[in-house]
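Enquirer: The file below is target_35.csv, CSV, C-alpha atoms:
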chain,number,residue,atom,x,y,z
A,1,MET,CA,15.6,1.0,28.6
A,2,ASP,CA,14.4,-2.5,27.8
A,3,PHE,CA,14.7,-5.7,29.9
A,4,GLN,CA,13.3,-8.8,28.2
A,5,GLY,CA,10.3,-7.1,26.7
A,6,ILE,CA,9.8,-4.6,29.6
A,7,HIS,CA,10.5,-1.0,28.8
A,8,PHE,CA,11.1,1.7,31.5
A,9,ALA,CA,10.2,5.2,30.6
A,10,ASN,CA,12.0,6.8,33.6
A,11,PRO,CA,14.9,4.3,34.3
A,12,MET,CA,16.8,6.7,36.6
A,13,TRP,CA,14.5,5.7,39.5
A,14,LEU,CA,15.9,2.2,39.2
A,15,MET,CA,19.2,3.5,40.6
A,16,GLY,CA,17.6,3.5,44.0
A,17,LEU,CA,17.4,-0.3,44.0
A,18,ILE,CA,21.2,-0.5,44.1
A,19,PHE,CA,21.3,1.2,47.6
A,20,LEU,CA,18.3,-0.7,49.1
A,21,PRO,CA,20.2,-3.8,50.3
A,22,LEU,CA,22.8,-1.6,52.1
A,23,ALA,CA,20.0,0.5,53.6
A,24,LEU,CA,18.2,-2.6,54.7
A,25,LEU,CA,21.3,-4.0,56.5
A,26,LEU,CA,22.0,-0.6,58.1
A,27,ALA,CA,18.4,-0.4,59.4
A,28,ILE,CA,18.5,-3.9,60.8
A,29,PHE,CA,21.7,-3.2,62.7
A,30,ILE,CA,20.5,0.1,64.0
A,31,SER,CA,17.2,-1.5,65.2
A,32,ARG,CA,19.0,-4.4,67.0
A,33,ALA,CA,21.4,-1.9,68.7
A,34,LYS,CA,18.5,0.2,70.0
A,35,HIS,CA,16.8,-2.8,71.6
A,36,ALA,CA,18.6,-3.9,74.8
A,37,THR,CA,17.6,-7.3,76.2
A,38,PHE,CA,17.9,-8.9,79.6
A,39,SER,CA,19.8,-12.1,79.8
A,40,LEU,CA,17.4,-14.5,81.4
A,41,GLY,CA,18.3,-18.1,82.0
A,42,ASN,CA,21.3,-19.5,80.1
A,43,PRO,CA,22.8,-16.7,78.0
A,44,ARG,CA,24.3,-19.3,75.6
A,45,LEU,CA,20.9,-20.8,74.8
A,46,VAL,CA,19.4,-17.3,74.3
A,47,GLU,CA,22.2,-16.5,71.9
A,48,MET,CA,21.7,-19.7,69.9
A,49,ALA,CA,17.9,-19.2,69.8
A,50,SER,CA,18.1,-15.6,68.4
A,51,GLY,CA,20.6,-15.6,65.5
A,52,PHE,CA,21.0,-12.7,63.0
A,53,PHE,CA,17.8,-13.6,61.2
A,54,SER,CA,14.7,-13.6,63.3
A,55,PHE,CA,11.0,-12.8,62.8
A,56,GLN,CA,11.8,-9.2,63.9
A,57,VAL,CA,13.6,-8.8,60.6
A,58,VAL,CA,10.5,-9.6,58.5
A,59,PRO,CA,8.9,-6.2,58.9
A,60,TRP,CA,12.0,-4.5,57.6
A,61,LEU,CA,12.2,-6.8,54.6
A,62,LEU,CA,8.5,-6.1,53.9
A,63,ARG,CA,9.0,-2.3,54.2
A,64,PHE,CA,12.0,-2.3,51.9
A,65,LEU,CA,10.1,-4.4,49.5
A,66,VAL,CA,7.4,-1.8,49.4
A,67,ILE,CA,10.0,0.9,48.7
A,68,ALA,CA,11.5,-1.3,45.9
A,69,LEU,CA,8.0,-1.7,44.3
A,70,CYS,CA,7.4,2.0,44.5
A,71,LEU,CA,10.8,2.7,42.8
A,72,ILE,CA,10.0,0.3,40.0
A,73,ALA,CA,6.5,1.9,39.6
A,74,ALA,CA,8.2,5.4,39.5
A,75,ALA,CA,10.4,4.1,36.6
A,76,ARG,CA,7.2,3.5,34.7
A,77,PRO,CA,7.5,-0.1,33.5
A,78,GLN,CA,5.8,-0.7,30.2
A,79,ALA,CA,5.1,-3.9,28.2
A,80,GLY,CA,4.5,-3.9,24.5
A,81,GLN,CA,5.6,-5.0,21.1
A,82,LYS,CA,7.2,-3.6,18.0
A,83,LYS,CA,4.9,-2.5,15.3
A,84,VAL,CA,6.0,-2.1,11.7
A,85,GLU,CA,3.6,-0.3,9.3
A,86,GLU,CA,4.0,-0.1,5.6
A,87,LYS,CA,2.4,2.9,4.0
A,88,LYS,CA,2.0,2.2,0.3
A,89,GLN,CA,1.3,4.8,-2.3
A,90,VAL,CA,-1.3,3.2,-4.5
A,91,THR,CA,-1.4,3.7,-8.2
A,92,ASP,CA,-4.7,3.5,-10.1
A,93,LEU,CA,-3.7,2.4,-13.6
A,94,PHE,CA,-6.2,2.1,-16.4
A,95,ILE,CA,-5.2,0.4,-19.7
A,96,ALA,CA,-7.0,1.6,-22.8
A,97,LEU,CA,-6.4,-1.0,-25.6
A,98,ASP,CA,-7.4,-0.3,-29.2
A,99,VAL,CA,-9.2,-3.4,-30.7
A,100,SER,CA,-10.0,-1.9,-34.1
A,101,GLY,CA,-9.8,-4.1,-37.2
A,102,SER,CA,-6.3,-2.8,-38.1
A,103,MET,CA,-4.9,-4.2,-34.9
A,104,ILE,CA,-4.6,-7.6,-36.6
A,105,THR,CA,-1.9,-6.2,-38.9
A,106,GLN,CA,1.1,-8.5,-38.6
A,107,ASP,CA,4.1,-6.1,-38.4
A,108,LEU,CA,4.2,-7.2,-34.7
A,109,LYS,CA,4.2,-11.0,-34.3
A,110,PRO,CA,1.9,-12.7,-34.6
A,111,ASN,CA,-0.1,-9.5,-35.0
A,112,ARG,CA,-0.5,-6.2,-33.2
A,113,ILE,CA,-3.3,-7.1,-30.8
A,114,THR,CA,-2.0,-10.5,-29.8
A,115,ALA,CA,1.5,-9.1,-29.1
A,116,ALA,CA,0.0,-6.2,-27.1
A,117,LYS,CA,-2.1,-8.7,-25.0
A,118,LYS,CA,0.9,-10.9,-24.3
A,119,LEU,CA,3.2,-8.1,-23.3
A,120,LEU,CA,0.6,-6.3,-21.3
A,121,ALA,CA,0.1,-9.4,-19.2
A,122,GLN,CA,3.8,-9.5,-18.5
A,123,PHE,CA,3.7,-5.8,-17.7
A,124,LEU,CA,0.9,-6.4,-15.1
A,125,ASP,CA,3.2,-8.9,-13.3
A,126,LYS,CA,5.9,-6.2,-13.0
A,127,VAL,CA,3.9,-3.2,-11.6
A,128,GLN,CA,3.5,-3.1,-7.9
A,129,ASN,CA,1.0,-1.5,-5.4
A,130,VAL,CA,-1.6,-0.9,-8.2
A,131,ARG,CA,-5.2,-1.1,-8.9
A,132,VAL,CA,-5.7,-2.0,-12.5
A,133,GLY,CA,-8.6,-1.5,-14.9
A,134,LEU,CA,-9.1,-2.3,-18.6
A,135,THR,CA,-11.0,-0.5,-21.3
A,136,ILE,CA,-11.1,-1.7,-24.9
A,137,PHE,CA,-12.2,0.6,-27.7
A,138,ALA,CA,-12.9,0.8,-31.4
A,139,ARG,CA,-15.7,3.1,-32.5
A,140,ILE,CA,-17.1,2.8,-29.0
A,141,SER,CA,-15.5,2.1,-25.7
A,142,PHE,CA,-16.2,-0.8,-23.3
A,143,THR,CA,-14.9,-1.3,-19.8
A,144,GLN,CA,-13.6,-4.8,-19.8
A,145,CYS,CA,-12.6,-4.7,-16.1
A,146,PRO,CA,-13.1,-1.9,-13.5
A,147,LEU,CA,-10.3,-1.1,-11.0
A,148,THR,CA,-9.2,-4.1,-9.0
A,149,THR,CA,-6.1,-5.4,-7.2
A,150,ASP,CA,-6.7,-8.9,-8.5
A,151,ILE,CA,-4.2,-8.9,-11.4
A,152,ASP,CA,-5.0,-12.4,-12.3
A,153,VAL,CA,-8.6,-11.4,-13.1
A,154,VAL,CA,-7.4,-8.6,-15.3
A,155,LYS,CA,-5.0,-10.9,-17.2
A,156,GLN,CA,-7.8,-13.4,-17.7
A,157,LEU,CA,-10.2,-10.8,-19.1
A,158,LEU,CA,-7.3,-9.4,-21.2
A,159,ALA,CA,-6.7,-12.8,-22.7
A,160,ASN,CA,-10.4,-12.9,-23.9
A,161,VAL,CA,-10.2,-9.7,-25.8
A,162,LEU,CA,-10.8,-10.0,-29.6
A,163,PRO,CA,-10.5,-7.4,-32.3
A,164,ALA,CA,-13.5,-5.8,-33.9
A,165,PRO,CA,-16.0,-6.9,-35.0
A,166,TYR,CA,-15.9,-9.6,-32.2
A,167,SER,CA,-15.3,-7.7,-29.0
A,168,ILE,CA,-16.9,-4.5,-30.4
A,169,LYS,CA,-19.1,-4.7,-33.4
A,170,LEU,CA,-18.5,-1.1,-34.7
A,171,ASP,CA,-15.0,-0.6,-36.2
A,172,GLY,CA,-13.1,2.7,-36.0
A,173,THR,CA,-10.8,4.5,-33.5
A,174,ALA,CA,-12.3,6.7,-30.8
A,175,ILE,CA,-9.3,7.7,-28.7
A,176,GLY,CA,-11.0,10.7,-27.1
A,177,ASP,CA,-14.0,8.7,-26.0
A,178,ALA,CA,-11.7,5.9,-24.6
A,179,LEU,CA,-9.8,8.4,-22.5
A,180,VAL,CA,-13.0,9.9,-21.1
A,181,SER,CA,-14.3,6.4,-20.3
A,182,CYS,CA,-11.1,5.6,-18.4
A,183,LEU,CA,-11.3,9.0,-16.5
A,184,GLY,CA,-14.9,8.2,-15.6
A,185,ARG,CA,-13.7,4.9,-14.1
A,186,LEU,CA,-10.9,6.5,-12.3
A,187,GLU,CA,-13.3,9.0,-10.9
A,188,LYS,CA,-15.6,6.3,-9.6
A,189,GLY,CA,-12.8,4.2,-8.3
A,190,ASP,CA,-14.0,0.5,-8.1
A,191,LYS,CA,-17.6,1.5,-8.3
A,192,LEU,CA,-19.5,0.7,-11.4
A,193,THR,CA,-21.0,3.6,-13.3
A,194,GLN,CA,-24.8,3.3,-13.4
A,195,ASP,CA,-25.5,5.5,-16.3
A,196,LYS,CA,-23.0,5.0,-19.1
A,197,GLN,CA,-24.4,7.9,-21.1
A,198,SER,CA,-23.7,10.4,-18.3
A,199,VAL,CA,-19.9,9.9,-18.1
A,200,VAL,CA,-18.9,12.2,-20.9
A,201,PRO,CA,-21.0,15.2,-20.1
A,202,ALA,CA,-20.3,14.9,-16.4
A,203,LEU,CA,-16.6,15.0,-16.9
A,204,LEU,CA,-16.8,17.8,-19.4
A,205,GLN,CA,-18.8,19.8,-16.8
A,206,GLN,CA,-16.2,19.0,-14.2
A,207,PHE,CA,-13.5,20.3,-16.6
A,208,ALA,CA,-15.4,23.5,-17.1
A,209,ASP,CA,-15.7,24.0,-13.3
A,210,LYS,CA,-12.2,23.4,-12.0
A,211,ASP,CA,-13.3,24.2,-8.4
A,212,GLN,CA,-15.2,21.0,-8.2
A,213,GLN,CA,-12.7,18.3,-7.3
A,214,SER,CA,-13.4,14.7,-6.1
A,215,ASP,CA,-11.7,13.4,-3.0
A,216,ASP,CA,-12.8,9.7,-3.6
A,217,ASN,CA,-9.2,8.7,-4.6
A,218,ALA,CA,-7.2,11.3,-2.6
A,219,GLY,CA,-3.7,10.2,-2.2
A,220,ASN,CA,-3.8,7.8,-5.1
A,221,HIS,CA,-1.6,8.4,-8.1
A,222,GLN,CA,-3.5,7.8,-11.4
A,223,ALA,CA,-2.4,7.0,-14.9
A,224,ILE,CA,-3.7,5.7,-18.2
A,225,VAL,CA,-1.7,3.6,-20.6
A,226,LEU,CA,-3.1,4.1,-24.1
A,227,LEU,CA,-2.2,1.6,-26.8
A,228,THR,CA,-3.5,2.3,-30.3
A,229,ASP,CA,-2.3,2.0,-33.9
A,230,GLY,CA,-4.3,4.8,-35.6
A,231,GLY,CA,-5.4,8.3,-35.5
A,232,ASP,CA,-8.7,9.3,-34.0
A,233,ASN,CA,-11.6,9.1,-36.5
A,234,ALA,CA,-14.7,8.4,-34.4
A,235,SER,CA,-14.6,10.3,-31.1
A,236,LYS,CA,-17.4,12.5,-29.8
A,237,VAL,CA,-14.9,14.1,-27.5
A,238,ASP,CA,-11.8,15.6,-29.1
A,239,PRO,CA,-8.7,13.6,-27.8
A,240,LEU,CA,-6.9,16.8,-26.9
A,241,THR,CA,-9.9,18.0,-24.8
A,242,ALA,CA,-9.8,14.6,-23.1
A,243,ALA,CA,-6.1,15.0,-22.4
A,244,LYS,CA,-6.8,18.4,-20.8
A,245,ILE,CA,-9.4,16.9,-18.6
A,246,ALA,CA,-6.9,14.3,-17.6
A,247,ALA,CA,-4.3,16.9,-16.9
A,248,SER,CA,-6.7,19.0,-14.8
A,249,ARG,CA,-7.2,15.9,-12.6
A,250,GLY,CA,-3.5,15.0,-12.3
A,251,VAL,CA,-3.9,11.9,-14.5
A,252,LYS,CA,-0.9,11.0,-16.7
A,253,VAL,CA,-1.6,9.4,-20.1
A,254,TYR,CA,1.2,7.3,-21.5
A,255,THR,CA,0.6,6.8,-25.2
A,256,ILE,CA,2.0,3.9,-27.2
A,257,GLY,CA,1.7,3.8,-31.0
A,258,VAL,CA,1.6,0.1,-31.9
A,259,GLY,CA,2.8,-0.6,-35.4
A,260,SER,CA,5.0,0.6,-38.1
A,261,LEU,CA,5.5,4.3,-38.9
A,262,THR,CA,5.3,3.4,-42.6
A,263,PRO,CA,2.4,1.8,-44.5
A,264,THR,CA,2.4,-2.0,-44.0
A,265,GLU,CA,0.7,-4.6,-46.1
A,266,MET,CA,-2.4,-5.9,-44.3
A,267,VAL,CA,-2.3,-9.7,-44.0
A,268,PHE,CA,-5.1,-11.7,-42.4
A,269,THR,CA,-5.3,-15.1,-41.0
A,270,LEU,CA,-8.3,-17.1,-42.2
A,271,PRO,CA,-10.2,-19.5,-39.9
A,272,ASN,CA,-8.3,-22.4,-41.5
A,273,GLY,CA,-4.9,-20.8,-40.5
A,274,GLU,CA,-4.1,-19.6,-44.0
A,275,ARG,CA,-2.5,-16.2,-44.1
A,276,ARG,CA,-3.7,-14.0,-47.0
A,277,GLY,CA,-3.4,-10.4,-48.1
A,278,PHE,CA,-6.3,-8.2,-48.9
A,279,ILE,CA,-6.7,-6.5,-52.3
A,280,ASP,CA,-8.1,-3.0,-52.3
A,281,PRO,CA,-10.9,-3.0,-55.0
A,282,ARG,CA,-10.4,0.7,-55.6
A,283,THR,CA,-6.7,0.4,-56.6
A,284,GLY,CA,-6.4,-3.3,-57.4
A,285,ARG,CA,-3.3,-3.4,-55.2
A,286,ALA,CA,-2.6,-5.0,-51.8
A,287,ALA,CA,-4.3,-3.1,-49.0
A,288,MET,CA,-1.9,-1.2,-46.8
A,289,SER,CA,-2.4,-0.2,-43.2
A,290,GLU,CA,-2.1,3.5,-42.3
A,291,PRO,CA,1.1,4.4,-40.4
A,292,VAL,CA,0.7,5.2,-36.7
A,293,GLU,CA,-0.1,8.8,-36.2
A,294,MET,CA,2.4,9.7,-33.5
A,295,GLY,CA,1.8,13.5,-33.6
A,296,LEU,CA,-1.6,13.2,-31.8
A,297,LEU,CA,-0.2,10.7,-29.3
A,298,LYS,CA,2.8,12.8,-28.5
A,299,GLU,CA,0.6,15.8,-27.8
A,300,ILE,CA,-1.7,13.9,-25.5
A,301,ALA,CA,1.3,12.7,-23.5
A,302,ARG,CA,2.8,16.2,-23.4
A,303,ILE,CA,-0.4,17.8,-22.1
A,304,THR,CA,-0.7,15.3,-19.3
A,305,GLY,CA,3.0,15.3,-18.3
A,306,ALA,CA,3.7,11.8,-19.4
A,307,LYS,CA,5.7,10.1,-22.2
A,308,SER,CA,4.9,9.0,-25.7
A,309,TYR,CA,6.4,5.9,-27.3
A,310,SER,CA,6.5,4.2,-30.7
A,311,ALA,CA,6.4,0.4,-30.8
A,312,GLU,CA,7.3,-0.9,-34.2
A,313,ASN,CA,8.0,-4.5,-33.1
A,314,ASN,CA,7.6,-6.8,-30.2
A,315,ASN,CA,11.0,-6.0,-28.6
A,316,SER,CA,10.4,-2.2,-28.6
A,317,LEU,CA,6.9,-2.7,-27.1
A,318,GLN,CA,8.3,-4.9,-24.3
A,319,ALA,CA,11.0,-2.3,-23.6
A,320,ILE,CA,8.4,0.5,-23.5
A,321,LEU,CA,6.1,-1.3,-21.1
A,322,ASP,CA,9.2,-2.1,-18.9
A,323,ASP,CA,10.0,1.6,-18.9
A,324,ILE,CA,6.4,2.5,-17.9
A,325,ALA,CA,6.5,-0.1,-15.1
A,326,LYS,CA,9.6,1.6,-13.7
A,327,LEU,CA,8.1,5.1,-13.9
A,328,GLU,CA,4.9,3.9,-12.1
A,329,LYS,CA,6.8,2.1,-9.4
A,330,ARG,CA,5.9,3.6,-6.0
A,331,ASP,CA,8.1,3.6,-3.0
A,332,VAL,CA,6.8,2.1,0.2
A,333,SER,CA,7.5,4.1,3.4
A,334,VAL,CA,8.0,1.9,6.5
A,335,THR,CA,7.1,3.3,9.9
A,336,THR,CA,8.4,1.5,13.1
A,337,HIS,CA,7.0,2.3,16.5
A,338,TRP,CA,6.3,0.6,19.8
A,339,GLU,CA,2.9,0.1,21.4
A,340,TYR,CA,3.2,-0.1,25.2
A,341,GLN,CA,0.9,-0.9,28.1
A,342,GLU,CA,1.7,0.9,31.4
A,343,LEU,CA,2.5,-1.6,34.3
A,344,ALA,CA,3.2,0.9,37.1
A,345,ALA,CA,-0.3,0.4,38.6
A,346,TYR,CA,0.4,-3.4,39.1
A,347,PHE,CA,3.6,-2.6,41.1
A,348,LEU,CA,1.7,-0.1,43.2
A,349,ILE,CA,-1.0,-2.5,44.0
A,350,ALA,CA,1.6,-5.1,45.0
A,351,ALA,CA,3.2,-2.6,47.3
A,352,PHE,CA,-0.2,-1.8,48.8
A,353,PHE,CA,-0.8,-5.5,49.6
A,354,VAL,CA,2.7,-6.0,51.0
A,355,LEU,CA,2.1,-3.0,53.3
A,356,ILE,CA,-1.2,-4.4,54.5
A,357,PHE,CA,0.5,-7.8,55.2
A,358,ASP,CA,3.2,-5.9,57.2
A,359,LEU,CA,0.6,-4.2,59.3
A,360,PHE,CA,-1.2,-7.5,59.8
A,361,LEU,CA,2.0,-9.1,61.1
A,362,GLU,CA,2.6,-6.1,63.4
A,363,VAL,CA,-0.7,-6.5,65.1
A,364,SER,CA,-0.8,-10.3,65.2
A,365,VAL,CA,2.2,-12.6,65.0
A,366,LEU,CA,4.9,-10.0,65.7
A,367,ARG,CA,3.0,-8.1,68.3
A,368,THR,CA,5.2,-7.2,71.3
A,369,LEU,CA,4.2,-6.4,74.8
A,370,PRO,CA,4.6,-2.8,76.0
Take the structure in the file and give it back as structure tokens.
Expert:
Amino acid sequence: MDFQGIHFANPMWLMGLIFLPLALLLAIFISRAKHATFSLGNPRLVEMASGFFSFQVVPWLLRFLVIALCLIAAARPQAGQKKVEEKKQVTDLFIALDVSGSMITQDLKPNRITAAKKLLAQFLDKVQNVRVGLTIFARISFTQCPLTTDIDVVKQLLANVLPAPYSIKLDGTAIGDALVSCLGRLEKGDKLTQDKQSVVPALLQQFADKDQQSDDNAGNHQAIVLLTDGGDNASKVDPLTAAKIAASRGVKVYTIGVGSLTPTEMVFTLPNGERRGFIDPRTGRAAMSEPVEMGLLKEIARITGAKSYSAENNNSLQAILDDIAKLEKRDVSVTTHWEYQELAAYFLIAAFFVLIFDLFLEVSVLRTLP
């Protein structure tokens, strides 16, 4: 039961307050009937001087006030406020972006890497309750941003990514190493890895010994979004082995093949803005990009229990990222409870002081002769 912010845990005791006024009147009448008085002097004056209310009623009022305070205390009054808690399931999401030289192919507009950067930025605005990290890779992997909740920082660092040989000097595609690098960052959470060379063997050892599990990110859902346009040709760790490591740790790997599934003419944009094809000196014909190798990407996704996608144009890539954003959306459980402070003691203290005041009146102002 609640009255203007006051909650009563045992409200049945308050029923006694209803009968207190009647009991008080009855007690006063009984008391007056028991005390016979002598009519001295003028009876009319005596009657006028001693009406229904007199100082003799005060002790009864005080005693019944004590009873009322005790009844309220027995009802356990409590004061508090409503607390609403949101328990969010956090997703640790690492993006692995291929920046190899072939990512400048222009089957996506204006090219693969620019389209991927733009649509990834929009994707980051749609995911909720996430910590996001960014790894770029070509022949080697580089963590552009460790896990963070500051999406604006991730988007800014993503905008500064350039294809090889600018961001990463060694061209190639090392998908397996990129996945292991992301797993290492997910393992460390938002802590930076001190020894970059120790990440791969440490995770491989953990995969060999399945009994060793880390609780650093217990309760967090973890996933990797891998965007690449080619097959693996430079990894020290086999991509499928990396996928099994991810699966053993409950990390899903969404794979996206960025680019056409058929050979596409490679067109480059020169510093002056001119677009020009590249002639392969071995054949004398226009150089063609390799089609996206979806077989490997589908197997990685299958092993980790995720999905694999093919993005042959900007619209399909946007639809794919929207789908992943929906899959990675976490429900927020809302818990409502009240936090109360017990007030019964204050009413008992008040009753004690009223009782003391009553006793004081009995031995002083309202003292009667024997």
Enquirer: Check the smallest atom-to-atom distance from each of A:Ser102, A:Thr135, A:Asp177, A:Phe19 to Val292 of chain A using only C-alpha atoms, then report the winner.
Expert: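 Selected residue with least distance to Val292 of chain A: A:Ser102.
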Enquirer: Quick one: of A:Ile303, A:Cys182, A:Leu65, A:Leu17, who's nearest to Val354 of chain A, counting all atoms listed in the file?
Expert: A:Leu65
Enquirer: Could you pull the residues within 9 Å of Ala178 of chain A, counting all atoms listed in the file, minus those fewer than 5 positions along the same chain, as a list of chain:residue names?
Expert: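 Residues near the query, excluding close chain neighbours: A:Ala96, A:Leu97, A:Asp98, A:Thr135, A:Ile136, A:Phe137, A:Ala138, A:Ile140, A:Ser141, A:Phe142, A:Leu183, A:Leu226, A:Ser235, A:Pro239.
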Enquirer: Suppose we keep C-alpha atoms; can you now write the selection as a short mmCIF file (atom, residue, chain, number, x, y, z; two decimals), keeping the file's coordinate frame?
Expert:
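This is the output file out.cif:
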data_model
loop_
_atom_site.label_atom_id
_atom_site.label_comp_id
_atom_site.auth_asym_id
_atom_site.auth_seq_id
_atom_site.Cartn_x
_atom_site.Cartn_y
_atom_site.Cartn_z
CA ALA A 96 -7.00 1.60 -22.80
CA LEU A 97 -6.40 -1.00 -25.60
CA ASP A 98 -7.40 -0.30 -29.20
CA THR A 135 -11.00 -0.50 -21.30
CA ILE A 136 -11.10 -1.70 -24.90
CA PHE A 137 -12.20 0.60 -27.70
CA ALA A 138 -12.90 0.80 -31.40
CA ILE A 140 -17.10 2.80 -29.00
CA SER A 141 -15.50 2.10 -25.70
CA PHE A 142 -16.20 -0.80 -23.30
CA LEU A 183 -11.30 9.00 -16.50
CA LEU A 226 -3.10 4.10 -24.10
CA SER A 235 -14.60 10.30 -31.10
CA PRO A 239 -8.70 13.60 -27.80
#
Enquirer: Kindly give the distance, in Å, that separates atom CA of Pro146 of chain A and atom CA of Leu186 of chain A, rounded to a single decimal.
Expert: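 Interatomic distance here is 8.8 Å.
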Enquirer: Using only C-alpha atoms and a cutoff of 8 Å, can you tell me which residues are near (-11.6, -8.7, -18.1) in the file's coordinates, and write them out as a PDB file with C-alpha atoms, in the coordinates of the input?
Expert:
ATOM      1  CA  LEU A 134      -9.100  -2.300 -18.600  1.00  0.00           C
ATOM      2  CA  GLN A 144     -13.600  -4.800 -19.800  1.00  0.00           C
ATOM      3  CA  CYS A 145     -12.600  -4.700 -16.100  1.00  0.00           C
ATOM      4  CA  VAL A 153      -8.600 -11.400 -13.100  1.00  0.00           C
ATOM      5  CA  VAL A 154      -7.400  -8.600 -15.300  1.00  0.00           C
ATOM      6  CA  LYS A 155      -5.000 -10.900 -17.200  1.00  0.00           C
ATOM      7  CA  GLN A 156      -7.800 -13.400 -17.700  1.00  0.00           C
ATOM      8  CA  LEU A 157     -10.200 -10.800 -19.100  1.00  0.00           C
ATOM      9  CA  LEU A 158      -7.300  -9.400 -21.200  1.00  0.00           C
ATOM     10  CA  ALA A 159      -6.700 -12.800 -22.700  1.00  0.00           C
ATOM     11  CA  ASN A 160     -10.400 -12.900 -23.900  1.00  0.00           C
ATOM     12  CA  VAL A 161     -10.200  -9.700 -25.800  1.00  0.00           C
TER      13      VAL A 161
END
Enquirer: Would you compute the distance between atom CA of Leu124 of chain A and atom CA of Asn111 of chain A? Give it in Å to one decimal.
Expert: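 So the answer is 20.2 Å.
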Enquirer: Atom CA of Asp92 of chain A and atom CA of Gly295 of chain A, how far apart in Å?
Expert: 26.4 Å
Enquirer: So, counting only C-alpha atoms, which residue among A:Ala286, A:Leu24, A:Pro291, A:Ala174 is closest to Pro59 of chain A?
Expert: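 Checking each candidate against Pro59 of chain A, we get A:Leu24 as the closest.
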Enquirer: Take every atom of segment 239-245 of chain A listed in the file, fit an axis-aligned box around them, add 4 Å per side, and give the centre and edge lengths in Å to one decimal as lines of an AutoDock Vina configuration file.
Expert:
center_x = -8.0
center_y = 16.0
center_z = -23.2
size_x = 11.8
size_y = 12.8
size_z = 17.2
Enquirer: Mind checking which residues fall within 12 Å of Gly16 of chain A, counting only C-alpha atoms, ignoring those fewer than 4 positions away in the same chain, and posting them as a short mmCIF file (atom, residue, chain, number, x, y, z; two decimals) with C-alpha atoms, in the coordinates of the input?
Expert:
data_model
loop_
_atom_site.label_atom_id
_atom_site.label_comp_id
_atom_site.auth_asym_id
_atom_site.auth_seq_id
_atom_site.Cartn_x
_atom_site.Cartn_y
_atom_site.Cartn_z
CA PRO A 11 14.90 4.30 34.30
CA MET A 12 16.80 6.70 36.60
CA LEU A 20 18.30 -0.70 49.10
CA PRO A 21 20.20 -3.80 50.30
CA LEU A 22 22.80 -1.60 52.10
CA ALA A 23 20.00 0.50 53.60
CA PHE A 64 12.00 -2.30 51.90
CA ILE A 67 10.00 0.90 48.70
CA ALA A 68 11.50 -1.30 45.90
CA LEU A 69 8.00 -1.70 44.30
CA CYS A 70 7.40 2.00 44.50
CA LEU A 71 10.80 2.70 42.80
CA ILE A 72 10.00 0.30 40.00
CA ALA A 74 8.20 5.40 39.50
CA ALA A 75 10.40 4.10 36.60
#
Enquirer: (1.3, 0.1, 38.1) in this file's frame - what residues fall within 9 Å of it? Use only C-alpha atoms and give the answer as a list in words.
Expert: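 The answer, in the requested form, is Ile72, Ala73, Ala74, Arg76, Pro77, Glu342, Leu343, Ala344, Ala345, Tyr346, Phe347, Leu348, Ile349 and Ala350 of chain A.
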Enquirer: Would you mind telling me which residue in A:Arg185, A:Trp60, A:Gln78, A:Leu25 lies nearest to Asn10 of chain A when using all atoms listed in the file?
Expert: A:Gln78
Enquirer: Using all atoms listed in the file, which residue out of A:Gly133, A:Gly172, A:Gly305, A:Pro263 lies closest to Arg249 of chain A?
Expert: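 Using all atoms listed in the file, the shortest distance to Arg249 of chain A belongs to A:Gly305.
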Enquirer: Would you mind listing what lies within 9 Å of Leu355 of chain A as a PyMOL selection string, with only C-alpha atoms counted and same-chain residues fewer than 2 positions away left out?
Expert: chain A and resi 62-63+65-66+350-353+357-360
